[in-house]
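**Q** Below: one structure in structure tokens.
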Amino acid sequence: MRVVITGGAGFLGSHLCDFFIEKGWDVLCVDNLVTGAESNVAHLLSHSQFQFTKQDVSKYIEVPGPVDAVLHFASPASPPDYLKLPIQTMKVGALGTHNSLGLAMAKKAKFLLASTSECYGDPEVSPQPETYWGHVNPVGPRGVYDEAKRFAEALTMAYHRYHGLDTRIVRIFNTYGPRMRLNDGRALPNFLYQALVGEPITVYGDGKQTRSFCYVSDLIEGIYRLLESNEHEPVNIGNPRELTILEFAERVRSLVGTKAPIVLRPLPQDDPKRRCPDIAKARRILNWEPKVNLEEGLQITYDFFKRQVAGTGRKT
Ligand code: UDP
């Protein structure tokens, strides 16, 4: 079996590369390294079943040889990243998805789209089931990511309905774990980094907004089960344990044992007030639910960040 993983050198992409190599598949990792890093897959480069190619999937993707599955994970995914790269984000969500679907068609391969809880925008329903159509501001700063992913879902369904392509759509909720970038700007890397170097912990708004954090190995298992299923409509994969960002910051603070204060900073525009996956569908059709609790997952991620920060020469 051979899988092409776009965005394969990113946080989730690189964990998928590991997972499929472990399963004995051939893996072609495609990444333009805009937000991904070769270091995430450096340990795989000498593996005979692993190939890496530096390529922007917004442009035509040429892949020699047979392919059984295309997993489209290329995209900036952290809000500060996609706010900095708004046009690339829209291009990879639109043109990149089109090219990845075209590759899957040409190879008669399965296609799996990495979609997102951002499709629900700032939801008026919580927890969010897949049947909820969302509450997205198309012209706000986050619209570049949300609408690109909504377009990508629509395009994927069009390829499924019109061409009969064997497609899957996973709606990924907040995920964390080793290989998140120290400076990626999301809550968890920010809080861990700040706590480790003793800087104030920046909570945006009043910190009462909620998120639900899924450990990366749980997410990868859910994605694999979805790929192996026959479900073509979107499926939420995430951890339904919901907590406020303030609670989350406090947890990180006590884990690291820092005396650094929590400081409040302005809330970014259109920041969702509540986010929690309804995973009844994943439980029912994939027999999947998360296994790693927040305490365990945070500890592993903390150990990774400690090594990263030590590598930057910053005192902890
Ligand atoms: N956030 C925060 N401080 C930070 C970074 C993020 O309070 O230093 C908040 C952010 O406003 C949001 C939540 O944490 O309410 C999760 O943000 P993240 O960027 O991780 O991802 P999102 O869920 O918004 O896509």
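Residues are named by chain letter and number: chains run A, B, ... in the order of the structure tokens, numbers start at 1 in each chain, and ligands are numbered from 1 in the order shown.
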Determine, counting only C-alpha atoms, which protein, DNA and RNA residues have an atom within 6 Å of an atom of Gly7 of chain A; residues of the same chain fewer than 6 positions away are not included. Present the result as a PDB file with C-alpha atoms, in the first residue's frame.

**A**
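What landed in out03.pdb:
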```pdb
ATOM      1  CA  GLY A  13       1.188  15.147   8.739  1.00  0.00           C
ATOM      2  CA  VAL A  30       4.791  16.247   0.119  1.00  0.00           C
ATOM      3  CA  ASP A  31       5.378  19.587   1.808  1.00  0.00           C
ATOM      4  CA  PHE A  73      -3.213  17.784   5.201  1.00  0.00           C
ATOM      5  CA  ALA A  74      -1.339  20.716   3.656  1.00  0.00           C
TER       6      ALA A  74
END
```

**Q** Could you give me the residues within 8 Å of ligand 1, counting only C-alpha atoms and all ligand atoms, as a VMD selection string?

**A** chain A and resid 77 to 80 118 173 to 174 185 to 188 190 to 191 201 to 205 207 209 to 211 245 to 246 249 264 to 265 267 to 268 271 to 273 275

**Q** Just to be explicit: take each residue in the selection above, keep N, CA, C and O atoms, and write the result as a tab-separated table (two decimals), in the first residue's frame.

**A**
```tsv
chain	number	residue	atom	x	y	z
A	77	ALA	N	-2.40	26.06	9.81
A	77	ALA	CA	-3.54	25.67	10.64
A	77	ALA	C	-3.66	26.48	11.93
A	77	ALA	O	-4.71	26.45	12.57
A	78	SER	N	-2.59	27.18	12.29
A	78	SER	CA	-2.67	28.00	13.49
A	78	SER	C	-3.20	29.37	13.08
A	78	SER	O	-2.77	29.93	12.06
A	79	PRO	N	-4.14	29.94	13.87
A	79	PRO	CA	-4.69	31.25	13.46
A	79	PRO	C	-3.60	32.29	13.13
A	79	PRO	O	-3.68	32.91	12.05
A	80	PRO	N	-2.57	32.49	13.96
A	80	PRO	CA	-1.56	33.49	13.56
A	80	PRO	C	-0.90	33.15	12.22
A	80	PRO	O	-0.56	34.05	11.45
A	118	GLU	N	-13.31	24.61	12.48
A	118	GLU	CA	-13.52	26.00	12.06
A	118	GLU	C	-14.66	26.11	11.05
A	118	GLU	O	-15.19	27.19	10.84
A	173	PHE	N	-10.79	18.76	15.48
A	173	PHE	CA	-10.88	19.77	16.55
A	173	PHE	C	-9.48	19.97	17.13
A	173	PHE	O	-8.56	19.24	16.82
A	174	ASN	N	-9.34	20.97	18.02
A	174	ASN	CA	-8.02	21.31	18.58
A	174	ASN	C	-7.24	20.06	18.98
A	174	ASN	O	-7.76	19.24	19.75
A	185	GLY	N	2.02	29.95	17.79
A	185	GLY	CA	1.08	31.00	18.18
A	185	GLY	C	-0.22	30.48	18.75
A	185	GLY	O	-1.06	31.26	19.18
A	186	ARG	N	-0.42	29.16	18.74
A	186	ARG	CA	-1.66	28.64	19.32
A	186	ARG	C	-1.55	28.61	20.84
A	186	ARG	O	-0.46	28.75	21.40
A	187	ALA	N	-2.70	28.40	21.48
A	187	ALA	CA	-2.74	28.50	22.94
A	187	ALA	C	-1.72	27.56	23.59
A	187	ALA	O	-0.93	28.00	24.43
A	188	LEU	N	-1.74	26.30	23.21
A	188	LEU	CA	-0.88	25.35	23.94
A	188	LEU	C	0.62	25.64	23.78
A	188	LEU	O	1.33	25.74	24.79
A	190	ASN	N	2.03	28.46	23.02
A	190	ASN	CA	2.29	29.73	23.70
A	190	ASN	C	2.39	29.53	25.21
A	190	ASN	O	3.36	29.96	25.84
A	191	PHE	N	1.41	28.87	25.78
A	191	PHE	CA	1.36	28.72	27.24
A	191	PHE	C	2.57	27.91	27.74
A	191	PHE	O	3.21	28.27	28.72
A	201	ILE	N	1.86	34.52	31.01
A	201	ILE	CA	1.02	33.65	30.18
A	201	ILE	C	-0.12	34.49	29.62
A	201	ILE	O	-0.91	35.06	30.37
A	202	THR	N	-0.17	34.55	28.29
A	202	THR	CA	-1.10	35.48	27.63
A	202	THR	C	-2.43	34.80	27.35
A	202	THR	O	-2.54	33.96	26.47
A	203	VAL	N	-3.45	35.18	28.11
A	203	VAL	CA	-4.80	34.66	27.85
A	203	VAL	C	-5.56	35.76	27.10
A	203	VAL	O	-5.56	36.92	27.53
A	204	TYR	N	-6.18	35.40	25.99
A	204	TYR	CA	-6.89	36.39	25.18
A	204	TYR	C	-8.33	36.53	25.65
A	204	TYR	O	-8.98	35.53	25.97
A	205	GLY	N	-8.81	37.78	25.66
A	205	GLY	CA	-10.17	38.05	26.13
A	205	GLY	C	-10.22	37.84	27.64
A	205	GLY	O	-9.24	38.07	28.35
A	207	GLY	N	-10.79	34.87	28.84
A	207	GLY	CA	-10.40	33.47	29.06
A	207	GLY	C	-11.57	32.54	29.30
A	207	GLY	O	-11.39	31.36	29.61
A	209	GLN	N	-13.74	31.73	26.99
A	209	GLN	CA	-14.02	30.92	25.80
A	209	GLN	C	-13.51	29.50	26.03
A	209	GLN	O	-12.55	29.31	26.78
A	210	THR	N	-14.16	28.53	25.41
A	210	THR	CA	-13.78	27.14	25.67
A	210	THR	C	-13.16	26.48	24.44
A	210	THR	O	-13.42	26.88	23.31
A	211	ARG	N	-12.34	25.46	24.71
A	211	ARG	CA	-11.80	24.58	23.68
A	211	ARG	C	-11.74	23.18	24.28
A	211	ARG	O	-11.78	23.01	25.50
A	245	ILE	N	-10.28	28.54	28.44
A	245	ILE	CA	-8.87	28.82	28.16
A	245	ILE	C	-8.14	29.25	29.44
A	245	ILE	O	-6.97	28.91	29.63
A	246	LEU	N	-8.87	29.92	30.31
A	246	LEU	CA	-8.26	30.29	31.59
A	246	LEU	C	-7.90	29.05	32.42
A	246	LEU	O	-6.80	28.94	32.96
A	249	ALA	N	-4.89	27.50	30.85
A	249	ALA	CA	-3.65	28.23	31.17
A	249	ALA	C	-3.20	27.89	32.59
A	249	ALA	O	-2.01	27.69	32.85
A	264	LEU	N	-4.10	39.21	30.74
A	264	LEU	CA	-5.18	39.20	29.74
A	264	LEU	C	-4.80	40.11	28.58
A	264	LEU	O	-4.31	41.22	28.77
A	265	ARG	N	-5.01	39.62	27.37
A	265	ARG	CA	-4.72	40.37	26.14
A	265	ARG	C	-5.99	40.40	25.28
A	265	ARG	O	-6.87	39.56	25.46
A	267	LEU	N	-8.95	39.89	22.74
A	267	LEU	CA	-9.44	38.70	22.04
A	267	LEU	C	-9.39	38.95	20.54
A	267	LEU	O	-9.89	39.97	20.06
A	268	PRO	N	-8.78	38.03	19.77
A	268	PRO	CA	-8.78	38.21	18.31
A	268	PRO	C	-10.21	38.23	17.76
A	268	PRO	O	-11.11	37.61	18.34
A	271	ASP	N	-13.05	35.15	17.35
A	271	ASP	CA	-12.56	34.00	18.12
A	271	ASP	C	-13.78	33.22	18.64
A	271	ASP	O	-14.62	33.79	19.34
A	272	PRO	N	-13.90	31.92	18.30
A	272	PRO	CA	-15.08	31.18	18.75
A	272	PRO	C	-15.20	31.14	20.27
A	272	PRO	O	-14.21	30.94	20.97
A	273	LYS	N	-16.43	31.35	20.75
A	273	LYS	CA	-16.65	31.40	22.21
A	273	LYS	C	-16.73	30.00	22.82
A	273	LYS	O	-16.36	29.80	23.97
A	275	ARG	N	-16.19	25.72	21.84
A	275	ARG	CA	-15.91	24.68	20.85
A	275	ARG	C	-15.77	23.34	21.56
A	275	ARG	O	-14.94	23.19	22.44
```

**Q** What is the distance, in Å and to one decimal place, between atom CA of Ile169 of chain A and atom CA of Arg150 of chain A?

**A**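 Pair atom CA of Ile169 of chain A / atom CA of Arg150 of chain A returns 10.9 Å.
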
**Q** Going by DSSP on the backbone, which bits of segment 57-279 of chain A are strand (DSSP E)? Write them as a ChimeraX atom specification, please.

**A** /A:69-72,110-116,167-172,175-176,201-204,210-212,214-215,235-237,242-244,262-265

**Q** Per residue of segment 50-71 of chain A within 12 Å of segment 108-116 of chain A, note the shortest atom pair and the distance in Å to one decimal, counting only C-alpha atoms, and order the rows by chain and increasing residue number, as a Markdown table.

**A**
```
| residue | atom | partner | partner_atom | distance |
| --- | --- | --- | --- | --- |
| A:Gly65 | CA | A:Lys108 | CA | 11.8 |
| A:Pro66 | CA | A:Ala109 | CA | 8.6 |
| A:Val67 | CA | A:Ala109 | CA | 6.0 |
| A:Asp68 | CA | A:Ala109 | CA | 4.5 |
| A:Ala69 | CA | A:Lys110 | CA | 4.5 |
| A:Val70 | CA | A:Phe111 | CA | 4.8 |
| A:Leu71 | CA | A:Leu112 | CA | 4.8 |
```

**Q** Pick out the closest residue to Asn40 of chain A from this set: A:Gly24, A:Pro189, A:Gly10, A:Gly238. Count only C-alpha atoms.

**A**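 Among the listed residues, A:Gly10 lies closest to Asn40 of chain A.
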
**Q** Identify all residues of segment 144-285 of chain A in alpha helix (DSSP H) (DSSP on the backbone) and supply them as a PyMOL selection string.

**A** chain A and resi 144-163+187-197+216-228+245-256+280-285

**Q** Nearest to Cys29 of chain A among A:His43, A:Gly8, A:Pro129, A:Pro141, with distances taken over only C-alpha atoms: which residue is it?

**A**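 Distance minimum relative to Cys29 of chain A lands on A:Gly8.
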
**Q** Near Gly96 of chain A, counting only C-alpha atoms, which residues have an atom at most 12 Å away, once you skip same-chain residues fewer than 3 positions from it, shown as a short mmCIF file (atom, residue, chain, number, x, y, z; two decimals) with all heavy atoms, in the first residue's frame?

**A**
```
data_model
loop_
_atom_site.label_atom_id
_atom_site.label_comp_id
_atom_site.auth_asym_id
_atom_site.auth_seq_id
_atom_site.Cartn_x
_atom_site.Cartn_y
_atom_site.Cartn_z
N THR A 6 -0.06 15.06 1.87
CA THR A 6 0.32 16.47 1.65
C THR A 6 0.37 17.15 3.02
O THR A 6 -0.42 16.82 3.91
CB THR A 6 -0.67 17.21 0.72
OG1 THR A 6 -1.84 17.57 1.48
CG2 THR A 6 -1.06 16.38 -0.51
N GLY A 7 1.32 18.05 3.18
CA GLY A 7 1.54 18.62 4.51
C GLY A 7 2.18 17.60 5.44
O GLY A 7 2.07 17.70 6.67
N VAL A 30 4.66 15.07 0.98
CA VAL A 30 4.79 16.25 0.12
C VAL A 30 4.56 17.48 0.99
O VAL A 30 3.54 17.57 1.67
CB VAL A 30 3.73 16.22 -1.01
CG1 VAL A 30 3.91 17.40 -1.95
CG2 VAL A 30 3.76 14.91 -1.77
N ASP A 31 5.50 18.41 0.95
CA ASP A 31 5.38 19.59 1.81
C ASP A 31 6.22 20.71 1.22
O ASP A 31 7.32 20.46 0.74
CB ASP A 31 5.86 19.25 3.24
CG ASP A 31 5.24 20.15 4.30
OD1 ASP A 31 5.45 21.37 4.21
OD2 ASP A 31 4.57 19.63 5.19
N ASN A 32 5.71 21.94 1.28
CA ASN A 32 6.55 23.06 0.80
C ASN A 32 7.31 23.73 1.96
O ASN A 32 7.99 24.72 1.76
CB ASN A 32 5.70 24.09 0.02
CG ASN A 32 4.69 24.81 0.91
OD1 ASN A 32 4.54 24.49 2.08
ND2 ASN A 32 4.02 25.79 0.34
N GLN A 55 7.39 20.37 -2.26
CA GLN A 55 6.53 20.82 -3.35
C GLN A 55 5.32 21.56 -2.79
O GLN A 55 4.80 21.20 -1.73
CB GLN A 55 6.05 19.59 -4.12
CG GLN A 55 5.64 19.90 -5.53
CD GLN A 55 5.24 18.63 -6.28
OE1 GLN A 55 5.85 17.58 -6.11
NE2 GLN A 55 4.22 18.73 -7.09
N ASP A 56 4.89 22.58 -3.52
CA ASP A 56 3.69 23.34 -3.16
C ASP A 56 2.50 22.68 -3.87
O ASP A 56 2.44 22.68 -5.10
CB ASP A 56 3.87 24.79 -3.63
CG ASP A 56 2.65 25.64 -3.34
OD1 ASP A 56 1.64 25.12 -2.85
OD2 ASP A 56 2.72 26.86 -3.63
N VAL A 57 1.57 22.13 -3.10
CA VAL A 57 0.46 21.39 -3.73
C VAL A 57 -0.60 22.33 -4.34
O VAL A 57 -1.54 21.85 -4.96
CB VAL A 57 -0.19 20.37 -2.76
CG1 VAL A 57 0.80 19.30 -2.37
CG2 VAL A 57 -0.81 21.04 -1.54
N SER A 58 -0.42 23.63 -4.17
CA SER A 58 -1.29 24.57 -4.90
C SER A 58 -0.96 24.55 -6.39
O SER A 58 -1.72 25.06 -7.21
CB SER A 58 -1.11 26.00 -4.39
OG SER A 58 -1.31 26.04 -3.02
N LYS A 59 0.22 24.01 -6.72
CA LYS A 59 0.60 23.83 -8.12
C LYS A 59 0.43 22.35 -8.46
O LYS A 59 0.35 21.51 -7.57
CB LYS A 59 2.06 24.25 -8.32
CG LYS A 59 2.35 25.61 -7.70
CD LYS A 59 3.28 26.44 -8.54
CE LYS A 59 3.35 27.85 -7.99
NZ LYS A 59 4.23 27.95 -6.81
N TYR A 60 0.42 22.03 -9.74
CA TYR A 60 0.19 20.66 -10.20
C TYR A 60 1.09 19.66 -9.47
O TYR A 60 2.29 19.89 -9.32
CB TYR A 60 0.43 20.58 -11.71
CG TYR A 60 0.14 19.22 -12.28
CD1 TYR A 60 -1.16 18.81 -12.49
CD2 TYR A 60 1.18 18.33 -12.56
CE1 TYR A 60 -1.43 17.55 -13.00
CE2 TYR A 60 0.92 17.07 -13.07
CZ TYR A 60 -0.39 16.69 -13.27
OH TYR A 60 -0.65 15.43 -13.76
N ILE A 61 0.52 18.56 -9.01
CA ILE A 61 1.31 17.56 -8.26
C ILE A 61 1.60 16.38 -9.18
O ILE A 61 0.67 15.73 -9.66
CB ILE A 61 0.54 17.02 -7.03
CG1 ILE A 61 -0.18 18.14 -6.27
CG2 ILE A 61 1.46 16.26 -6.10
CD1 ILE A 61 -1.17 17.61 -5.21
N LEU A 71 -3.91 11.69 1.35
CA LEU A 71 -4.41 12.38 2.55
C LEU A 71 -3.98 13.84 2.43
O LEU A 71 -2.79 14.14 2.40
CB LEU A 71 -3.81 11.77 3.83
CG LEU A 71 -3.87 10.25 3.99
CD1 LEU A 71 -3.40 9.84 5.40
CD2 LEU A 71 -5.27 9.72 3.76
N HIS A 72 -4.97 14.73 2.36
CA HIS A 72 -4.64 16.14 2.09
C HIS A 72 -4.62 16.93 3.39
O HIS A 72 -5.65 17.38 3.89
CB HIS A 72 -5.66 16.71 1.10
CG HIS A 72 -5.40 18.14 0.74
ND1 HIS A 72 -4.13 18.65 0.55
CD2 HIS A 72 -6.26 19.16 0.52
CE1 HIS A 72 -4.22 19.94 0.25
NE2 HIS A 72 -5.50 20.28 0.22
N PHE A 73 -3.42 17.10 3.92
CA PHE A 73 -3.21 17.78 5.20
C PHE A 73 -2.45 19.09 5.05
O PHE A 73 -2.12 19.73 6.06
CB PHE A 73 -2.50 16.85 6.20
CG PHE A 73 -3.47 15.93 6.88
CD1 PHE A 73 -4.08 14.91 6.17
CD2 PHE A 73 -3.83 16.12 8.20
CE1 PHE A 73 -5.03 14.09 6.76
CE2 PHE A 73 -4.77 15.31 8.81
CZ PHE A 73 -5.38 14.28 8.09
N ALA A 74 -2.12 19.49 3.83
CA ALA A 74 -1.34 20.72 3.66
C ALA A 74 -2.22 21.93 3.93
O ALA A 74 -3.29 22.06 3.33
CB ALA A 74 -0.79 20.77 2.23
N SER A 75 -1.79 22.78 4.81
CA SER A 75 -2.41 24.09 5.07
C SER A 75 -1.81 24.68 6.34
O SER A 75 -1.57 23.93 7.30
CB SER A 75 -3.92 23.97 5.29
OG SER A 75 -4.46 25.25 5.60
N GLN A 88 -2.01 32.23 0.56
CA GLN A 88 -1.54 30.83 0.49
C GLN A 88 -2.55 29.88 1.14
O GLN A 88 -2.75 28.77 0.67
CB GLN A 88 -0.20 30.63 1.19
CG GLN A 88 0.98 31.14 0.41
CD GLN A 88 1.48 32.44 1.01
OE1 GLN A 88 0.68 33.35 1.31
NE2 GLN A 88 2.78 32.57 1.18
N THR A 89 -3.17 30.34 2.24
CA THR A 89 -4.13 29.48 2.94
C THR A 89 -5.33 29.19 2.03
O THR A 89 -5.79 28.05 1.92
CB THR A 89 -4.58 30.15 4.25
OG1 THR A 89 -3.43 30.35 5.05
CG2 THR A 89 -5.59 29.31 5.02
N MET A 90 -5.82 30.24 1.36
CA MET A 90 -6.95 30.03 0.46
C MET A 90 -6.55 29.19 -0.74
O MET A 90 -7.33 28.37 -1.23
CB MET A 90 -7.51 31.38 0.00
CG MET A 90 -8.07 32.17 1.17
SD MET A 90 -9.58 33.07 0.79
CE MET A 90 -10.79 31.77 0.71
N LYS A 91 -5.30 29.41 -1.22
CA LYS A 91 -4.86 28.64 -2.39
C LYS A 91 -4.70 27.16 -2.07
O LYS A 91 -5.09 26.29 -2.84
CB LYS A 91 -3.55 29.21 -2.95
CG LYS A 91 -3.80 30.50 -3.75
CD LYS A 91 -2.53 31.17 -4.18
CE LYS A 91 -1.88 30.47 -5.34
NZ LYS A 91 -0.70 31.22 -5.84
N VAL A 92 -4.12 26.87 -0.90
CA VAL A 92 -3.91 25.44 -0.60
C VAL A 92 -5.24 24.76 -0.29
O VAL A 92 -5.44 23.58 -0.62
CB VAL A 92 -2.85 25.23 0.51
CG1 VAL A 92 -3.37 25.58 1.90
CG2 VAL A 92 -2.33 23.80 0.49
N GLY A 93 -6.17 25.50 0.30
CA GLY A 93 -7.50 24.93 0.58
C GLY A 93 -8.30 24.72 -0.70
O GLY A 93 -9.09 23.78 -0.80
N ASN A 99 -5.99 19.90 -6.74
CA ASN A 99 -4.88 19.08 -7.25
C ASN A 99 -4.79 17.73 -6.55
O ASN A 99 -4.50 16.71 -7.19
CB ASN A 99 -3.55 19.83 -7.07
CG ASN A 99 -3.45 21.04 -7.99
OD1 ASN A 99 -4.07 21.07 -9.06
ND2 ASN A 99 -2.72 22.05 -7.57
N SER A 100 -5.03 17.72 -5.25
CA SER A 100 -4.94 16.46 -4.49
C SER A 100 -6.08 15.51 -4.90
O SER A 100 -5.88 14.30 -5.00
CB SER A 100 -5.02 16.73 -2.99
OG SER A 100 -4.01 17.66 -2.61
N LEU A 101 -7.27 16.09 -5.14
CA LEU A 101 -8.39 15.28 -5.62
C LEU A 101 -8.07 14.73 -7.02
O LEU A 101 -8.35 13.56 -7.33
CB LEU A 101 -9.66 16.12 -5.68
CG LEU A 101 -10.36 16.37 -4.33
CD1 LEU A 101 -11.29 17.57 -4.41
CD2 LEU A 101 -11.14 15.12 -3.89
N GLY A 102 -7.48 15.58 -7.85
CA GLY A 102 -7.10 15.16 -9.21
C GLY A 102 -6.09 14.02 -9.18
O GLY A 102 -6.18 13.07 -9.95
N LEU A 103 -5.14 14.12 -8.24
CA LEU A 103 -4.15 13.06 -8.09
C LEU A 103 -4.84 11.75 -7.69
O LEU A 103 -4.56 10.69 -8.26
CB LEU A 103 -3.11 13.47 -7.02
CG LEU A 103 -2.08 12.42 -6.65
CD1 LEU A 103 -1.15 12.11 -7.82
CD2 LEU A 103 -1.25 12.88 -5.44
N LEU A 113 -9.78 14.25 3.21
CA LEU A 113 -9.56 15.68 3.44
C LEU A 113 -9.46 15.98 4.93
O LEU A 113 -10.34 15.60 5.70
CB LEU A 113 -10.73 16.49 2.86
CG LEU A 113 -10.71 17.99 3.19
CD1 LEU A 113 -9.58 18.71 2.44
CD2 LEU A 113 -12.06 18.64 2.86
N ALA A 114 -8.39 16.70 5.30
CA ALA A 114 -8.29 17.22 6.66
C ALA A 114 -9.13 18.49 6.72
O ALA A 114 -8.72 19.54 6.22
CB ALA A 114 -6.84 17.54 7.00
N ALA A 148 -11.94 28.44 3.07
CA ALA A 148 -11.13 27.54 2.23
C ALA A 148 -11.47 26.09 2.57
O ALA A 148 -11.65 25.25 1.69
CB ALA A 148 -9.65 27.81 2.43
N LYS A 149 -11.61 25.81 3.87
CA LYS A 149 -11.92 24.44 4.28
C LYS A 149 -13.36 24.07 3.93
O LYS A 149 -13.64 22.92 3.56
CB LYS A 149 -11.68 24.26 5.78
CG LYS A 149 -10.20 24.28 6.17
CD LYS A 149 -9.46 23.03 5.67
CE LYS A 149 -8.05 22.95 6.21
NZ LYS A 149 -7.31 21.77 5.72
N PHE A 151 -14.99 25.27 1.35
CA PHE A 151 -14.91 25.04 -0.09
C PHE A 151 -14.31 23.66 -0.36
O PHE A 151 -14.78 22.90 -1.22
CB PHE A 151 -14.04 26.14 -0.74
CG PHE A 151 -13.77 25.91 -2.20
CD1 PHE A 151 -14.65 26.38 -3.16
CD2 PHE A 151 -12.65 25.21 -2.61
CE1 PHE A 151 -14.40 26.15 -4.52
CE2 PHE A 151 -12.39 24.98 -3.95
CZ PHE A 151 -13.27 25.46 -4.91
N ALA A 152 -13.25 23.33 0.38
CA ALA A 152 -12.57 22.04 0.19
C ALA A 152 -13.54 20.88 0.47
O ALA A 152 -13.55 19.87 -0.25
CB ALA A 152 -11.36 21.95 1.12
N LEU A 155 -15.93 20.74 -2.50
CA LEU A 155 -15.26 20.19 -3.68
C LEU A 155 -15.08 18.68 -3.54
O LEU A 155 -15.25 17.92 -4.50
CB LEU A 155 -13.91 20.89 -3.87
CG LEU A 155 -13.19 20.61 -5.19
CD1 LEU A 155 -14.00 21.12 -6.38
CD2 LEU A 155 -11.80 21.27 -5.19
N THR A 156 -14.73 18.25 -2.34
CA THR A 156 -14.54 16.81 -2.08
C THR A 156 -15.86 16.07 -2.32
O THR A 156 -15.88 15.02 -2.97
CB THR A 156 -14.03 16.60 -0.64
OG1 THR A 156 -12.79 17.30 -0.51
CG2 THR A 156 -13.83 15.14 -0.31
#
```

**Q** Could you pull the residues within 12 Å of His15 of chain A, counting only C-alpha atoms, minus those fewer than 5 positions along the same chain, as a VMD selection string?

**A** chain A and resid 5 7 to 10 20 to 22 27 29 40 to 41 43 to 44 73 175 to 180 215 to 221 223 to 224

**Q** Contacts between segment 276-294 of chain A and segment 81-173 of chain A, please, where a residue of segment 81-173 of chain A counts if it comes within 8 Å (with only C-alpha atoms); show its shortest atom pair and distance in Å to one decimal, rows by chain and ascending number, as CSV.

**A**
```
residue,atom,partner,partner_atom,distance
A:Ser117,CA,A:Pro277,CA,7.9
A:Ser126,CA,A:Cys276,CA,6.4
A:Pro127,CA,A:Cys276,CA,4.8
A:Gln128,CA,A:Asp278,CA,5.2
A:Pro129,CA,A:Asp278,CA,4.9
A:Glu130,CA,A:Asp278,CA,7.7
A:Phe173,CA,A:Pro277,CA,7.0
```

**Q** Set the distance at 9 Å and use only C-alpha atoms: which residues neighbour Asn230 of chain A once local chain neighbours fewer than 5 positions away are removed? I'd like the list as a ChimeraX atom specification.

**A** /A:166-168

**Q** Could you please take those selected residues and save N, CA, C and O atoms as a tab-separated table (two decimals), in the first residue's frame?

**A**
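Once everything was written out, this is selection31.tsv:
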```
chain	number	residue	atom	x	y	z
A	166	ASP	N	-13.71	7.89	-4.11
A	166	ASP	CA	-13.89	7.30	-2.78
A	166	ASP	C	-13.29	8.26	-1.74
A	166	ASP	O	-12.10	8.20	-1.46
A	167	THR	N	-14.12	9.14	-1.20
A	167	THR	CA	-13.60	10.24	-0.37
A	167	THR	C	-14.01	10.12	1.10
A	167	THR	O	-15.00	9.47	1.43
A	168	ARG	N	-13.23	10.79	1.94
A	168	ARG	CA	-13.52	10.90	3.38
A	168	ARG	C	-13.25	12.35	3.79
A	168	ARG	O	-12.33	12.99	3.24
```

**Q** I'd like the interatomic distance between atom CA of Lys259 of chain A and atom CA of Tyr302 of chain A, to a tenth of an Å.

**A**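 Atom-to-atom, atom CA of Lys259 of chain A to atom CA of Tyr302 of chain A, that is 16.5 Å.
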
**Q** With distances taken over only C-alpha atoms, which residue among A:Tyr120, A:Trp25, A:Ala42, A:Val263 lies nearest Ile172 of chain A?

**A**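 Closest residue, counting only C-alpha atoms: A:Tyr120.
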
**Q** Nearest to Val144 of chain A among A:Asn183, A:Pro76, A:Lys107, A:Leu196, with distances taken over only C-alpha atoms: which residue is it?

**A**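 For Val144 of chain A, the nearest of the given residues is A:Pro76.
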
**Q** What does the structure give for the distance between atom CA of Gly121 of chain A and atom CA of Ser212 of chain A, in Å to one decimal?

**A**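 It comes out at 14.8 Å.
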
**Q** Given only C-alpha atoms as the basis, pick out the residue of A:Gly143, A:Pro86, A:Gly313, A:Gly257 nearest to Leu192 of chain A.

**A**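 Closest to Leu192 of chain A of all the choices is A:Gly257.
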